[in-house]
Amino acid sequence: MKCPACSNQLQETTVSDVTVDVCKGGCGGIWFDHFEIKKFDEPHESAGDALLQTERDAELTVDHTKRLKCPKCDDIVMMRHFFSIKKEVTVDECPACGGFWLDSGELGGIRSLFNTEEERHKAAQEYFSEVFGDQFAAMKAESQEKLKKARKIANMFRFICPSYYIPGKQDWGAF
C-alpha cells in the first residue's frame, strides 16, 4: 500500500497481535484497519507505545489541507474529522472500509485525551446533554403531554367499547 500523505510505501508492522501499516522513513503516519485503533487509543494500552516513535524523514513536509485518498480502497476520499469531543486531534477515516489514517504525532495526541473508554463515553454524554439537553427535555415534556391526552381518549373509549367486545373478533352478534 502507498502512503496517502507522501506516497511512500507503507510497511506492515506487528504490535502485540495487531498488524498495522506504517510509513517508516516517510511522513511517519500510521494506517489502522477497521477497529484496530481501539487497541491503541488509551495510555494504559502498552501496545501503542511502540508506535509513538515511528521513524520519519524530518525534511519531509505534509500538506494537511489536502484531502487524502484511502490507501486500501480505490478512489475513495477519506473524511477528516475530530477523533473526540475535545476537538484536539483530527483524523482521516475511510467511509468505505472504516480504516483510520493518523499523521505523525496524532496517536500520541489521541492517547492523551482520555485514560479509559468510560471517561470517553462520559465526556461524550456530557457534551451531548450540553448541546441537546434543552431540546430533549422539551420533546420529553411534549411527549408526556401527548401521552396524557391519549390515555384520556383511551379511557373514554373504554366505556363505549368494553374490552370484552371487540368488533369482528367475537363468535356472536351481527358483526
# chains A, B, ... in the order shown; residues from 1 in each chain; ligands from 1

call {"tool": "select_by_dssp", "arguments": {"residues": "range 46-96 of chain A", "states": "strand (DSSP E or B)", "output": "MDAnalysis selection string"}}
result
chainID A and resid 69 77 79:82 90:93

call {"tool": "select_by_dssp", "arguments": {"residues": "chain A", "states": "alpha helix (DSSP H)", "output": "PyMOL selection string"}}
result
chain A and resi 49-52+106-111+117-160

call {"tool": "atom_distance", "arguments": {"atom1": "CA of Cys27 in chain A", "atom2": "CA of Glu45 in chain A"}}
result
24.0 Å

call {"tool": "residues_around", "arguments": {"residues": "Ala96 in chain A", "least_positions_apart": "2", "cutoff": "9 Å", "atoms": "only C-alpha atoms", "output": "compact mmCIF listing (two decimals) with N, CA and C atoms, in the first residue's frame"}}
result
# COMPACT_ATOMS: atom_id res chain seq x y z
N CYS A 70 -7.98 6.94 0.46
CA CYS A 70 -7.77 5.75 1.26
C CYS A 70 -6.69 4.87 0.62
N CYS A 73 -8.76 1.40 -0.30
CA CYS A 73 -9.87 1.44 -1.26
C CYS A 73 -9.50 2.32 -2.45
N ILE A 76 -11.38 6.31 -3.12
CA ILE A 76 -12.26 6.78 -2.04
C ILE A 76 -11.51 7.87 -1.27
N MET A 78 -10.99 10.07 1.94
CA MET A 78 -11.29 9.89 3.36
C MET A 78 -11.92 11.16 3.95
N GLU A 93 -10.68 9.25 8.10
CA GLU A 93 -11.36 7.95 8.17
C GLU A 93 -11.98 7.62 6.83
N CYS A 94 -11.81 6.39 6.39
CA CYS A 94 -12.38 5.94 5.13
C CYS A 94 -13.86 5.58 5.35
N GLY A 98 -13.75 1.84 6.82
CA GLY A 98 -13.70 2.18 8.24
C GLY A 98 -12.30 2.28 8.81
N GLY A 99 -11.29 2.31 7.95
CA GLY A 99 -9.92 2.44 8.42
C GLY A 99 -9.59 3.88 8.79

call {"tool": "residues_around", "arguments": {"residues": "range 57-67 of chain A", "least_positions_apart": "3", "cutoff": "9 Å", "atoms": "only C-alpha atoms", "output": "PyMOL selection string"}}
result
chain A and resi 5-6+24-28+77-80+92+103

call {"tool": "write_last_selection", "arguments": {"atoms": "N, CA and C atoms", "output": "PDB file, in the first residue's frame"}}
result
ATOM      1  N   ALA A   5      -0.377  10.274   2.399  1.00  0.00           N
ATOM      2  CA  ALA A   5       0.146  11.619   2.636  1.00  0.00           C
ATOM      3  C   ALA A   5       1.389  11.932   1.820  1.00  0.00           C
ATOM      4  N   CYS A   6       2.316  10.947   1.682  1.00  0.00           N
ATOM      5  CA  CYS A   6       3.586  11.240   1.000  1.00  0.00           C
ATOM      6  C   CYS A   6       3.917  10.241  -0.119  1.00  0.00           C
ATOM      7  N   LYS A  24       7.293   4.219   7.491  1.00  0.00           N
ATOM      8  CA  LYS A  24       8.641   4.358   8.066  1.00  0.00           C
ATOM      9  C   LYS A  24       9.555   5.028   7.056  1.00  0.00           C
ATOM     10  N   GLY A  25      10.309   6.003   7.531  1.00  0.00           N
ATOM     11  CA  GLY A  25      11.228   6.712   6.659  1.00  0.00           C
ATOM     12  C   GLY A  25      10.550   7.765   5.800  1.00  0.00           C
ATOM     13  N   GLY A  26       9.245   7.867   5.895  1.00  0.00           N
ATOM     14  CA  GLY A  26       8.500   8.884   5.145  1.00  0.00           C
ATOM     15  C   GLY A  26       7.911   9.895   6.109  1.00  0.00           C
ATOM     16  N   CYS A  27       6.599  10.057   6.058  1.00  0.00           N
ATOM     17  CA  CYS A  27       5.941  11.055   6.905  1.00  0.00           C
ATOM     18  C   CYS A  27       5.694  10.559   8.327  1.00  0.00           C
ATOM     19  N   GLY A  28       5.812   9.246   8.563  1.00  0.00           N
ATOM     20  CA  GLY A  28       5.617   8.695   9.904  1.00  0.00           C
ATOM     21  C   GLY A  28       4.169   8.417  10.257  1.00  0.00           C
ATOM     22  N   VAL A  77     -12.126   9.029  -1.167  1.00  0.00           N
ATOM     23  CA  VAL A  77     -11.522  10.129  -0.412  1.00  0.00           C
ATOM     24  C   VAL A  77     -11.961   9.987   1.044  1.00  0.00           C
ATOM     25  N   MET A  78     -10.989  10.073   1.940  1.00  0.00           N
ATOM     26  CA  MET A  78     -11.293   9.894   3.364  1.00  0.00           C
ATOM     27  C   MET A  78     -11.922  11.158   3.951  1.00  0.00           C
ATOM     28  N   MET A  79     -12.721  10.960   4.987  1.00  0.00           N
ATOM     29  CA  MET A  79     -13.358  12.062   5.708  1.00  0.00           C
ATOM     30  C   MET A  79     -12.416  12.508   6.818  1.00  0.00           C
ATOM     31  N   ARG A  80     -12.258  13.803   6.968  1.00  0.00           N
ATOM     32  CA  ARG A  80     -11.427  14.345   8.047  1.00  0.00           C
ATOM     33  C   ARG A  80     -12.368  14.840   9.133  1.00  0.00           C
ATOM     34  N   ASP A  92      -8.215  11.076   9.660  1.00  0.00           N
ATOM     35  CA  ASP A  92      -8.838  10.796   8.373  1.00  0.00           C
ATOM     36  C   ASP A  92      -9.403   9.389   8.437  1.00  0.00           C
ATOM     37  N   ASP A 103      -1.711  10.921  11.071  1.00  0.00           N
ATOM     38  CA  ASP A 103      -0.440  11.548  10.744  1.00  0.00           C
ATOM     39  C   ASP A 103       0.497  11.400  11.939  1.00  0.00           C
TER      40      ASP A 103
END

call {"tool": "atom_distance", "arguments": {"atom1": "CA of Met139 in chain A", "atom2": "CA of Ala154 in chain A"}}
result
22.2 Å

call {"tool": "atom_distance", "arguments": {"atom1": "CA of Thr19 in chain A", "atom2": "CA of Asp49 in chain A"}}
result
14.4 Å
